[in-house]
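Structure file final_39.txt; described as compact mmCIF, C-alpha atoms.
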```txt
# COMPACT_ATOMS: atom_id res chain seq x y z
CA MET A 1 0.00 0.00 0.00
CA THR A 2 1.46 3.40 -0.99
CA ASP A 3 0.59 7.01 -0.49
CA SER A 4 0.32 9.71 -3.19
CA SER A 5 4.15 10.07 -3.26
CA SER A 6 4.65 6.34 -3.81
CA ASN A 7 5.89 5.84 -0.25
CA VAL A 8 5.26 2.31 0.94
CA SER A 9 3.30 2.00 4.19
CA ASN A 10 3.93 -0.90 6.53
CA THR A 11 0.87 -0.04 8.68
CA LEU A 12 -2.62 -1.24 7.90
CA THR A 13 -5.55 0.13 9.89
CA VAL A 14 -8.69 -1.93 9.91
CA THR A 15 -11.98 -0.60 11.34
CA SER A 16 -14.74 -3.11 12.08
CA PHE A 17 -18.46 -2.45 12.49
CA THR A 18 -21.16 -4.52 14.13
CA ILE A 19 -24.52 -4.11 12.47
CA ASP A 20 -27.59 -4.87 14.64
CA SER A 21 -30.19 -6.37 12.37
CA THR A 22 -31.99 -8.42 15.01
CA ALA A 23 -35.59 -7.39 15.58
CA PRO A 24 -36.91 -7.27 19.16
CA THR A 25 -39.43 -10.01 19.96
CA VAL A 26 -42.17 -10.46 22.55
CA SER A 27 -41.07 -12.47 25.58
CA SER A 28 -44.32 -12.57 27.55
CA VAL A 29 -47.65 -10.88 28.24
CA ALA A 30 -49.12 -10.55 31.74
CA ALA A 31 -51.64 -8.42 33.59
CA VAL A 32 -50.51 -5.69 35.94
CA SER A 33 -53.95 -5.85 37.54
CA SER A 34 -54.35 -8.45 40.28
CA ASN A 35 -55.75 -11.86 39.47
CA GLY A 36 -59.43 -12.23 40.29
CA SER A 37 -62.93 -11.42 39.13
CA TYR A 38 -63.84 -8.01 37.77
CA ILE A 39 -67.60 -7.68 37.78
CA THR A 40 -68.19 -4.00 37.13
CA SER A 41 -67.55 -1.74 34.17
CA GLY A 42 -65.56 1.44 34.61
CA ILE A 43 -62.56 -0.41 36.07
CA THR A 44 -59.28 -0.06 34.15
CA ILE A 45 -57.09 -3.13 33.72
CA SER A 46 -53.42 -2.82 32.74
CA ILE A 47 -51.33 -5.34 30.81
CA ASN A 48 -47.54 -5.60 30.39
CA VAL A 49 -46.04 -6.73 27.10
CA VAL A 50 -42.39 -7.62 27.70
CA PHE A 51 -39.86 -7.55 24.82
CA SER A 52 -36.38 -8.99 24.37
CA GLU A 53 -34.71 -5.56 24.36
CA THR A 54 -35.27 -1.88 25.07
CA LEU A 55 -37.75 -0.20 22.74
CA THR A 56 -38.72 3.22 21.53
CA VAL A 57 -42.40 3.80 20.85
CA SER A 58 -43.73 6.56 18.62
CA THR A 59 -47.44 7.39 18.63
CA ILE A 60 -47.22 10.18 16.04
CA GLY A 61 -48.98 8.09 13.42
CA GLY A 62 -51.22 6.20 15.84
CA THR A 63 -51.34 4.39 19.17
CA PRO A 64 -50.36 0.71 19.36
CA THR A 65 -53.12 -1.63 20.54
CA LEU A 66 -53.58 -5.11 21.96
CA THR A 67 -56.89 -6.74 20.98
CA LEU A 68 -58.59 -8.59 23.84
CA ASN A 69 -61.19 -11.32 23.68
CA MET A 70 -64.17 -9.83 25.52
CA GLY A 71 -67.01 -12.14 24.57
CA ALA A 72 -69.24 -11.17 21.66
CA THR A 73 -67.14 -8.11 20.74
CA ASN A 74 -63.34 -7.88 20.82
CA LYS A 75 -61.95 -4.78 22.55
CA ASN A 76 -58.63 -2.92 22.18
CA ALA A 77 -56.28 -2.14 25.05
CA SER A 78 -54.23 0.94 24.14
CA TYR A 79 -50.54 1.63 24.73
CA VAL A 80 -50.00 4.07 27.61
CA SER A 81 -46.32 3.89 28.65
CA GLY A 82 -43.00 2.04 28.56
CA SER A 83 -40.99 3.67 25.76
CA GLY A 84 -37.30 3.49 26.72
CA SER A 85 -37.72 0.15 28.51
CA THR A 86 -38.35 -3.49 27.68
CA THR A 87 -41.92 -3.42 29.02
CA LEU A 88 -44.82 -1.70 27.27
CA VAL A 89 -47.99 -1.07 29.26
CA PHE A 90 -51.43 -1.29 27.65
CA SER A 91 -54.70 -0.42 29.39
CA TYR A 92 -58.40 -0.96 28.82
CA THR A 93 -61.43 0.31 30.74
CA LEU A 94 -64.10 -2.35 31.18
CA GLN A 95 -67.45 -1.58 29.62
CA GLN A 96 -70.96 -2.86 30.16
CA GLY A 97 -71.31 -6.23 28.40
CA ASP A 98 -67.65 -7.26 28.56
CA THR A 99 -67.19 -10.88 29.62
CA SER A 100 -64.40 -13.45 29.74
CA SER A 101 -63.86 -16.59 31.80
CA ASP A 102 -60.06 -16.18 31.47
CA LEU A 103 -59.00 -12.97 29.79
CA ASP A 104 -56.58 -13.33 26.88
CA TYR A 105 -55.76 -11.56 23.65
CA THR A 106 -57.50 -12.77 20.50
CA THR A 107 -54.74 -14.20 18.24
CA THR A 108 -50.99 -14.30 17.75
CA SER A 109 -51.35 -11.07 15.73
CA ALA A 110 -53.40 -9.20 18.35
CA LEU A 111 -50.57 -6.72 18.96
CA ALA A 112 -50.53 -3.98 16.32
CA THR A 113 -48.74 -0.67 15.83
CA ASN A 114 -51.94 0.92 14.50
CA GLY A 115 -49.93 3.54 12.60
CA GLY A 116 -47.36 4.08 15.34
CA THR A 117 -43.91 2.49 15.53
CA ILE A 118 -42.18 0.13 17.96
CA SER A 119 -38.45 -0.26 17.36
CA ASP A 120 -35.06 -0.76 19.03
CA SER A 121 -32.16 1.71 19.19
CA ALA A 122 -30.85 0.46 15.83
CA GLY A 123 -34.15 1.19 14.18
CA ASN A 124 -35.24 -2.43 13.83
CA SER A 125 -39.00 -2.70 13.93
CA ALA A 126 -40.18 -5.07 16.62
CA THR A 127 -41.65 -8.42 15.68
CA LEU A 128 -45.12 -8.31 17.17
CA THR A 129 -46.02 -11.98 16.96
CA LEU A 130 -47.41 -13.27 20.26
CA ALA A 131 -47.58 -16.73 21.78
CA SER A 132 -50.82 -18.50 20.93
CA PRO A 133 -53.65 -17.58 23.32
CA GLY A 134 -53.46 -19.86 26.33
CA ALA A 135 -49.92 -21.03 25.56
CA THR A 136 -46.88 -20.41 27.75
CA GLY A 137 -46.04 -16.71 27.80
CA SER A 138 -49.55 -15.61 26.87
CA LEU A 139 -51.81 -13.33 28.91
CA GLY A 140 -54.18 -16.22 29.61
CA SER A 141 -51.32 -18.42 30.84
CA ASN A 142 -49.58 -15.79 32.99
CA SER A 143 -52.66 -14.18 34.54
CA ALA A 144 -56.12 -15.15 35.72
CA LEU A 145 -58.59 -12.35 35.11
CA VAL A 146 -62.30 -13.14 35.00
CA ILE A 147 -64.52 -10.47 33.49
CA ALA A 148 -68.09 -11.14 34.61
CA LEU A 149 -71.37 -9.47 33.77
CA PRO A 150 -73.19 -7.97 36.76
CA TYR A 151 -76.13 -9.93 38.13
CA ILE A 152 -79.51 -8.50 39.09
CA TYR A 153 -80.68 -9.60 42.56
CA ILE A 154 -84.32 -9.18 43.66
CA VAL A 155 -85.91 -9.70 47.08
CA ASP A 156 -89.22 -11.46 46.33
CA THR A 157 -90.77 -10.71 49.69
CA SER A 158 -94.08 -12.56 49.82
CA ASN A 159 -92.61 -15.59 48.07
CA HIS A 160 -89.99 -15.60 50.86
CA ARG A 161 -87.08 -15.92 48.46
CA LEU A 162 -84.17 -14.22 46.78
CA VAL A 163 -83.97 -14.22 42.97
CA ARG A 164 -80.97 -13.64 40.73
CA ILE A 165 -81.08 -13.09 36.97
CA ASP A 166 -78.42 -12.29 34.39
CA ASP A 167 -80.33 -9.59 32.52
CA MET A 168 -83.70 -7.92 32.03
CA SER A 169 -84.90 -10.89 29.97
CA GLY A 170 -84.68 -13.13 33.01
CA THR A 171 -81.83 -15.22 31.62
CA GLY A 172 -80.22 -17.45 34.23
CA TRP A 173 -83.18 -17.25 36.65
CA THR A 174 -82.09 -18.67 40.03
CA SER A 175 -83.99 -18.52 43.30
CA LEU A 176 -83.31 -19.51 46.88
CA GLY A 177 -85.62 -19.58 49.87
CA SER A 178 -88.95 -20.73 51.24
CA PHE A 179 -91.15 -19.76 54.17
CA GLY A 180 -89.75 -20.55 57.62
CA SER A 181 -86.99 -19.80 60.08
CA GLY A 182 -84.51 -22.54 59.27
CA THR A 183 -81.56 -22.73 56.91
CA HIS A 184 -82.38 -21.25 53.47
CA GLN A 185 -85.72 -19.98 54.80
CA PHE A 186 -87.11 -16.49 55.21
CA ASN A 187 -90.16 -14.82 56.71
CA GLN A 188 -90.78 -11.79 54.52
CA PRO A 189 -87.24 -10.73 53.59
CA THR A 190 -86.98 -6.98 53.07
CA MET A 191 -83.85 -5.35 51.68
CA MET A 192 -80.36 -6.55 50.85
CA PHE A 193 -76.77 -5.73 49.98
CA VAL A 194 -74.27 -7.60 47.78
CA ASP A 195 -70.59 -6.87 48.43
CA THR A 196 -67.77 -6.89 45.87
CA SER A 197 -67.11 -10.58 46.54
CA ARG A 198 -70.82 -11.21 45.91
CA ASN A 199 -71.55 -12.18 49.48
CA ILE A 200 -75.25 -11.55 50.04
CA TYR A 201 -76.76 -9.86 53.12
CA ILE A 202 -80.53 -9.85 53.69
CA GLY A 203 -82.85 -8.39 56.31
CA ASP A 204 -85.17 -11.26 57.32
CA LYS A 205 -87.96 -9.03 58.60
CA LEU A 206 -90.33 -11.23 60.59
CA ASN A 207 -87.57 -13.56 61.75
CA HIS A 208 -85.96 -10.41 63.19
CA ARG A 209 -82.51 -11.41 61.97
CA LEU A 210 -79.85 -10.79 59.36
CA VAL A 211 -78.79 -13.47 56.92
CA LYS A 212 -75.45 -13.70 55.14
CA MET A 213 -74.58 -16.23 52.46
CA ASN A 214 -71.74 -16.57 49.99
CA ASP A 215 -73.76 -17.34 46.87
CA MET A 216 -77.15 -18.29 45.46
CA ALA A 217 -76.66 -21.88 46.60
CA GLY A 218 -76.82 -20.62 50.17
CA THR A 219 -73.23 -21.62 50.89
CA GLY A 220 -71.96 -20.23 54.18
CA TRP A 221 -75.48 -19.49 55.43
CA THR A 222 -75.14 -17.48 58.64
CA THR A 223 -77.80 -15.73 60.71
CA PHE A 224 -77.54 -13.10 63.41
CA GLY A 225 -80.11 -11.53 65.71
CA SER A 226 -83.36 -12.23 67.51
CA SER A 227 -86.55 -10.35 68.31
CA GLY A 228 -86.21 -7.49 70.78
CA SER A 229 -84.76 -4.05 71.41
CA GLY A 230 -81.52 -4.89 73.15
CA THR A 231 -78.02 -5.67 71.96
CA ASN A 232 -77.96 -8.20 69.12
CA GLN A 233 -81.72 -7.81 68.68
CA PHE A 234 -83.91 -6.34 65.96
CA ASN A 235 -87.54 -5.44 65.52
CA GLN A 236 -87.89 -5.89 61.77
CA PRO A 237 -84.51 -5.19 60.14
CA TRP A 238 -84.81 -3.47 56.76
CA GLY A 239 -82.14 -1.54 54.86
CA ILE A 240 -78.60 -2.93 54.86
CA PHE A 241 -75.33 -1.41 53.73
CA VAL A 242 -71.93 -3.11 53.99
CA ARG A 243 -68.78 -0.98 53.75
CA SER A 244 -65.58 -2.17 52.07
CA ASN A 245 -64.07 -2.76 55.54
CA GLY A 246 -66.87 -5.22 56.33
CA GLN A 247 -68.85 -2.95 58.67
CA ILE A 248 -72.59 -3.63 58.46
CA PHE A 249 -75.24 -0.91 58.89
CA VAL A 250 -78.88 -1.87 59.42
CA GLY A 251 -82.12 0.07 59.60
CA ASP A 252 -83.82 -1.43 62.67
CA LEU A 253 -87.32 -0.32 61.73
CA ASN A 254 -89.54 -0.60 64.79
CA ASN A 255 -86.70 0.14 67.19
CA ASN A 256 -86.24 3.44 65.34
CA ARG A 257 -82.48 3.15 65.24
CA ILE A 258 -79.52 2.36 63.01
CA VAL A 259 -77.29 -0.50 64.06
CA ARG A 260 -73.60 -0.76 63.18
CA MET A 261 -71.44 -3.83 63.69
CA ASP A 262 -68.10 -4.99 62.38
CA ASP A 263 -69.26 -8.34 61.03
CA ILE A 264 -72.13 -10.82 60.90
CA SER A 265 -71.19 -12.01 64.40
CA GLY A 266 -72.21 -8.64 65.84
CA THR A 267 -68.71 -7.59 66.88
CA ASN A 268 -68.65 -4.04 68.29
CA TRP A 269 -72.44 -3.70 68.17
CA THR A 270 -73.40 -0.02 68.29
CA SER A 271 -76.82 1.54 67.89
CA TYR A 272 -77.84 5.11 67.10
CA GLY A 273 -81.22 6.80 67.28
CA THR A 274 -84.50 6.99 69.13
CA LEU A 275 -88.10 7.63 68.10
CA GLY A 276 -88.84 11.23 67.20
CA THR A 277 -88.27 14.03 64.72
CA GLY A 278 -85.32 15.79 66.33
CA THR A 279 -81.59 15.48 65.86
CA GLY A 280 -80.50 11.85 66.00
CA GLN A 281 -84.09 10.63 65.91
CA PHE A 282 -85.97 8.47 63.42
CA ASP A 283 -89.53 7.43 62.73
CA LEU A 284 -89.38 4.03 61.03
CA PRO A 285 -85.94 4.15 59.33
CA ILE A 286 -85.88 1.94 56.23
CA GLY A 287 -83.19 2.66 53.62
CA VAL A 288 -79.52 3.04 54.58
CA HIS A 289 -76.68 4.24 52.37
CA ILE A 290 -73.07 4.98 53.33
CA ASN A 291 -70.86 7.21 51.16
CA ALA A 292 -67.12 6.91 50.56
CA SER A 293 -66.37 9.07 53.63
CA GLY A 294 -68.41 6.83 55.91
CA TYR A 295 -71.24 9.36 56.28
CA PHE A 296 -74.69 7.82 56.25
CA TYR A 297 -78.04 8.61 54.72
CA VAL A 298 -81.31 7.20 56.05
CA THR A 299 -84.85 7.26 54.66
CA GLN A 300 -87.71 7.52 57.14
CA TYR A 301 -91.07 6.03 56.29
CA ASN A 302 -93.25 8.16 58.54
CA THR A 303 -91.69 11.61 58.52
CA GLY A 304 -91.53 12.52 54.84
CA ARG A 305 -87.82 13.18 55.10
CA ILE A 306 -84.34 11.77 54.69
CA SER A 307 -81.53 12.35 57.16
CA PHE A 308 -77.75 12.62 56.97
CA SER A 309 -75.09 12.32 59.65
CA GLN A 310 -71.31 12.05 59.61
CA ASP A 311 -71.21 9.61 62.53
CA PHE A 312 -73.15 8.02 65.37
CA SER A 313 -72.87 11.24 67.40
CA SER A 314 -75.06 13.36 65.09
CA THR A 315 -72.11 15.30 63.70
CA GLY A 316 -73.34 17.25 60.68
CA TRP A 317 -76.91 16.06 61.21
CA THR A 318 -79.04 17.33 58.32
CA THR A 319 -82.54 16.49 57.16
CA LEU A 320 -84.43 17.20 53.96
CA GLY A 321 -88.12 16.93 53.30
CA THR A 322 -91.59 17.21 54.72
CA ALA A 323 -94.70 15.13 54.09
CA GLY A 324 -96.31 15.83 50.73
CA ALA A 325 -95.96 15.47 46.98
CA GLY A 326 -94.24 18.68 45.98
CA THR A 327 -90.62 19.78 45.72
CA ASN A 328 -88.61 18.73 48.77
CA GLN A 329 -91.51 16.57 49.92
CA PHE A 330 -91.87 12.82 50.26
CA THR A 331 -94.50 10.24 51.14
CA GLN A 332 -93.13 6.94 52.46
CA THR A 333 -89.45 6.89 51.48
CA TYR A 334 -87.75 3.52 50.95
CA GLY A 335 -84.51 2.83 49.05
CA ILE A 336 -81.67 5.32 48.78
CA THR A 337 -78.40 5.26 46.83
CA GLN A 338 -75.88 7.46 45.03
CA ASP A 339 -74.41 7.44 41.54
CA SER A 340 -70.74 7.80 40.59
CA SER A 341 -71.13 11.61 40.66
CA GLY A 342 -72.44 11.58 44.22
CA ARG A 343 -76.02 12.50 43.31
CA ILE A 344 -78.60 11.04 45.70
CA TYR A 345 -81.54 8.91 44.51
CA ILE A 346 -84.54 8.32 46.78
CA VAL A 347 -87.52 6.02 46.23
CA ASP A 348 -90.57 8.16 47.08
CA SER A 349 -92.88 5.17 47.26
CA GLY A 350 -96.15 6.82 48.29
CA ASN A 351 -95.79 9.35 45.49
CA HIS A 352 -94.91 6.57 43.01
CA ARG A 353 -91.76 8.28 41.83
CA ILE A 354 -87.97 8.42 41.98
CA VAL A 355 -86.30 11.60 43.25
CA ARG A 356 -82.76 12.72 42.44
CA ILE A 357 -80.94 15.55 44.22
CA ASP A 358 -77.37 16.82 44.13
CA ASP A 359 -77.05 17.29 47.88
CA MET A 360 -78.91 17.49 51.17
CA SER A 361 -80.10 20.97 50.32
CA GLY A 362 -82.23 19.50 47.53
CA THR A 363 -80.22 21.19 44.78
CA ASN A 364 -81.43 20.28 41.28
CA TRP A 365 -84.48 18.43 42.60
CA THR A 366 -85.59 16.08 39.81
CA THR A 367 -88.40 13.53 39.80
CA TYR A 368 -89.37 10.73 37.46
CA GLY A 369 -92.54 8.66 37.54
CA THR A 370 -96.26 8.89 38.16
CA GLY A 371 -98.78 6.48 39.52
CA PRO A 372 -100.10 4.25 40.59
CA GLY A 373 -99.98 2.73 37.13
CA THR A 374 -98.47 0.00 34.97
CA GLY A 375 -97.50 1.90 31.86
CA THR A 376 -94.22 3.40 30.75
CA GLY A 377 -92.96 5.87 33.33
CA GLN A 378 -95.46 4.66 35.91
CA PHE A 379 -94.91 2.91 39.23
CA ASN A 380 -97.08 1.28 41.84
CA HIS A 381 -95.25 1.65 45.14
CA PRO A 382 -91.64 1.38 44.04
CA ASN A 383 -89.40 0.27 46.92
CA GLY A 384 -85.82 -0.64 45.98
CA ILE A 385 -83.28 1.11 43.78
CA SER A 386 -79.85 0.29 42.39
CA ILE A 387 -77.58 1.95 39.81
CA ASP A 388 -75.14 0.01 37.65
CA THR A 389 -71.72 1.27 36.60
CA ALA A 390 -73.15 2.47 33.28
CA GLY A 391 -75.48 4.75 35.26
CA ARG A 392 -78.66 2.84 34.45
CA ILE A 393 -81.35 2.88 37.13
CA TYR A 394 -83.08 -0.28 38.40
CA VAL A 395 -86.24 -0.13 40.51
CA SER A 396 -88.29 -2.86 42.20
CA GLU A 397 -92.06 -2.35 42.33
CA TYR A 398 -93.87 -3.82 45.29
CA ASP A 399 -97.42 -3.69 43.94
CA ASN A 400 -96.69 -4.15 40.23
CA HIS A 401 -94.71 -7.30 41.08
CA ARG A 402 -91.96 -6.41 38.63
CA ILE A 403 -88.62 -4.71 38.18
CA VAL A 404 -87.88 -1.77 35.90
CA ARG A 405 -84.72 -0.46 34.25
CA PHE A 406 -84.20 2.89 32.51
CA ASP A 407 -81.13 4.80 31.41
CA ASP A 408 -81.73 8.18 33.03
CA MET A 409 -84.20 10.39 34.84
CA SER A 410 -86.08 10.92 31.59
CA GLY A 411 -86.95 7.21 31.47
CA THR A 412 -84.95 6.54 28.30
CA ASN A 413 -85.05 2.87 27.23
CA TRP A 414 -87.67 1.93 29.82
CA ILE A 415 -87.92 -1.85 30.17
CA THR A 416 -89.79 -4.05 32.65
CA TYR A 417 -89.54 -7.67 33.72
CA GLY A 418 -91.85 -9.83 35.83
CA SER A 419 -95.48 -10.45 36.62
CA SER A 420 -97.52 -11.50 39.65
CA GLY A 421 -97.04 -15.08 40.83
CA SER A 422 -94.61 -17.53 42.36
CA GLY A 423 -93.13 -19.21 39.30
CA THR A 424 -90.14 -18.42 37.13
CA GLY A 425 -90.28 -14.82 35.94
CA GLN A 426 -92.82 -13.95 38.63
CA PHE A 427 -92.75 -12.01 41.87
CA THR A 428 -95.13 -11.40 44.73
CA ASN A 429 -94.14 -7.99 46.08
CA ALA A 430 -90.70 -7.22 44.61
CA GLN A 431 -89.26 -5.44 47.63
CA ASP A 432 -85.65 -4.65 46.78
CA ILE A 433 -83.15 -4.82 43.93
CA PHE A 434 -79.37 -4.80 43.78
CA VAL A 435 -77.04 -4.92 40.77
CA ARG A 436 -73.54 -6.36 41.26
```

Let's see the structure in the file written out as structure tokens.
Amino acid sequence: MTDSSSNVSNTLTVTSFTIDSTAPTVSSVAAVSSNGSYITSGITISINVVFSETLTVSTIGGTPTLTLNMGATNKNASYVSGSGSTTLVFSYTLQQGDTSSDLDYTTTSALATNGGTISDSAGNSATLTLASPGATGSLGSNSALVIALPYIYIVDTSNHRLVRIDDMSGTGWTSLGSFGSGTHQFNQPTMMFVDTSRNIYIGDKLNHRLVKMNDMAGTGWTTFGSSGSGTNQFNQPWGIFVRSNGQIFVGDLNNNRIVRMDDISGTNWTSYGTLGTGTGQFDLPIGVHINASGYFYVTQYNTGRISFSQDFSSTGWTTLGTAGAGTNQFTQTYGITQDSSGRIYIVDSGNHRIVRIDDMSGTNWTTYGTGPGTGTGQFNHPNGISIDTAGRIYVSEYDNHRIVRFDDMSGTNWITYGSSGSGTGQFTNAQDIFVR
């Protein structure tokens, strides 16, 4: 080798280059969300997709997606984070109607850039092929997420039973109970609560006791209480609310008090209230609802009002309502609940209507329903109320022997189910309803 002057060089410099042409591949897919059953819409689940090397994600042209098998309709989880690491995070918010016995993606090609890019530092586009659904490394193999449709539970009072259905067509009709005081028996059950594990709590009115069971087979049947006015006694228990910490609140109707206990064994039994219309007093308390702060709302059958208190010492005690049929008036209030925005819904049974207010001042007082009647927008002594995570309103009608669902306080998409009787699809005094 010579230079331009024909000088011979004895030195040879060699420069070597390593070219990365290996595309990143998917190592595994697993849920960030905990294993278990997810039975309500509105909950966001997160999923990790792990690659063989660090990636850069660009969403300029579009957001990468992971298609999930959600029953009748596939749904897309969207990329949310992870660029600059080996793990990309995708999320999806559950919607009404989603269902899966073991959540997985749809196919080996369920991961798509959707106009975006996923590449390594050398610019190699990632290979997006996934393990087959259910195979080692797949979402279904690494995680156990069950997406379940909410059930509709109805207290069928005069048939002395609890009913559960899958939808407003009565699909999956299941009932439990008969008249009596033994196991799996009731004597005019009143109102109920279903917790997030689907444990069922029922006020067994004329047996003067509470019942708890784990499922509609009556597994784990447990009762608590006897007739009376002392500790561990009730005189017709009605409304029930169970907090996430397991505390149970009960409207003890004819004792004119609210009872609080830590569990179905009556641990730390505490009662609050006496008969009257003053602070800390009730006249036939029926419905009980506890908000996220632990404050409680109570409907009172005889006084034409609802009450609010922050604790069992009357802190913040507030009432709303007088007897009547006008604004800020009620006649025989029963169920009470709140929606995701905190608005309060009250069943104004004697006026055959549902009332919605923003707060205990009655702000934005709104009513829906007339009656007694059996037509659209009509009720005949509605008693129970529940709101699903899509915001739809469910009402049980005592004297129409049916349940009703509508989308909003205008009655959009009004639908009814049930008739009078004791067979399948029939009720005798539908007292309460709960959607979970």

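One distance worth recording is that between CA of Ser132 in chain A and CA of Ala110 in chain A, which is 10.0 Å.
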
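Residue nearest Pro133 in chain A within the list A:Asn255, A:Ala30, A:Gly172, A:Gly228: A:Ala30 [criterion: smallest interatomic distance, only C-alpha atoms].
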
Inset, instruction - Quick one: everything within 10 Å of Gly425 in chain A, counting all atoms listed in the file, minus sequence neighbours fewer than 4 positions away in the same chain. Send it as a list in words. - result: Val163, Ile165, Ser169, Gly170, Thr171, Trp173, Thr174, Arg402, Tyr417, Gly418, Ser419, Ser420 and Gly421 of chain A

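Residue neighbourhood of range 386-396 of chain A, excluding near-sequence residues (fewer than 2 positions): Thr40, Ser41, Gly42, Gln95, Gln96, Ile154, Thr337, Gln338, Asp339, Ser340, Pro382, Asn383, Gly384, Tyr398, His401, Arg402, Ile403, Val404, Arg405, Phe406, Asp407, Asp408, Ala430, Gln431, Asp432, Ile433, Phe434, Val435 and Arg436 of chain A, at 8 Å, using all atoms listed in the file.
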
Inset, instruction - Please tell me which residues are no farther than 12 Å from (-70.5, -8.2, 59.2) in the file, counting only C-alpha atoms, and write them as a PyMOL selection string. - result: chain A and resi 193+195+199-202+210-213+222-224+240-250+259-269

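Of the listed residues A:Val288, A:Ile43, A:Leu145, A:Ala323, the one whose atoms come nearest to Tyr92 in chain A is A:Ile43, with distances taken using all atoms listed in the file.
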
Legend entry - Arg343 in chain A environment, 12 Å, all atoms listed in the file, sequence neighbours closer than 5 positions dropped, as JSON, numbers by chain: {"A": [291, 336, 337, 338, 355, 356, 357, 358, 359, 360, 361, 362, 363, 364, 365, 366, 387, 391, 409]}

Inset, instruction - Write out as JSON, numbers by chain the residues lying within 8 Å of Arg353 in chain A, counting only C-alpha atoms and excluding same-chain residues fewer than 3 positions away. - result: {"A": [347, 348, 349, 350, 367, 368, 369, 370, 371, 378, 379, 382]}

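Among the candidates A:Pro189, A:Ile344, A:Arg209, A:Ile415, the residue lying nearest to Gly377 in chain A is A:Ile415 (atoms considered: only C-alpha atoms).
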
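Of the residues listed (A:Ala112, A:Ala135, A:Leu88, A:Leu320), A:Leu88 shows the shortest atom-to-atom separation from Thr56 in chain A; distances use all atoms listed in the file.
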
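Closest approach to Phe179 in chain A among A:Gly140, A:Ser37, A:Asn159, A:Ala77: A:Asn159, based on only C-alpha atoms.
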
Go ahead and find all residues with at least one atom no further than 10 Å from (-70.3, -8.5, 24.4) in the file's coordinates, using all atoms listed in the file; report them as a compact mmCIF listing (two decimals) with C-alpha atoms, in the frame of the given file.
```
# COMPACT_ATOMS: atom_id res chain seq x y z
CA ASN A 69 -61.19 -11.32 23.68
CA MET A 70 -64.17 -9.83 25.52
CA GLY A 71 -67.01 -12.14 24.57
CA ALA A 72 -69.24 -11.17 21.66
CA THR A 73 -67.14 -8.11 20.74
CA ASN A 74 -63.34 -7.88 20.82
CA LYS A 75 -61.95 -4.78 22.55
CA GLN A 95 -67.45 -1.58 29.62
CA GLN A 96 -70.96 -2.86 30.16
CA GLY A 97 -71.31 -6.23 28.40
CA ASP A 98 -67.65 -7.26 28.56
CA THR A 99 -67.19 -10.88 29.62
CA SER A 100 -64.40 -13.45 29.74
CA LEU A 149 -71.37 -9.47 33.77
```

Inset, instruction - Take CA of Gly326 in chain A and CA of Gly304 in chain A and report the distance between them in Å, one decimal. - result: 11.1 Å
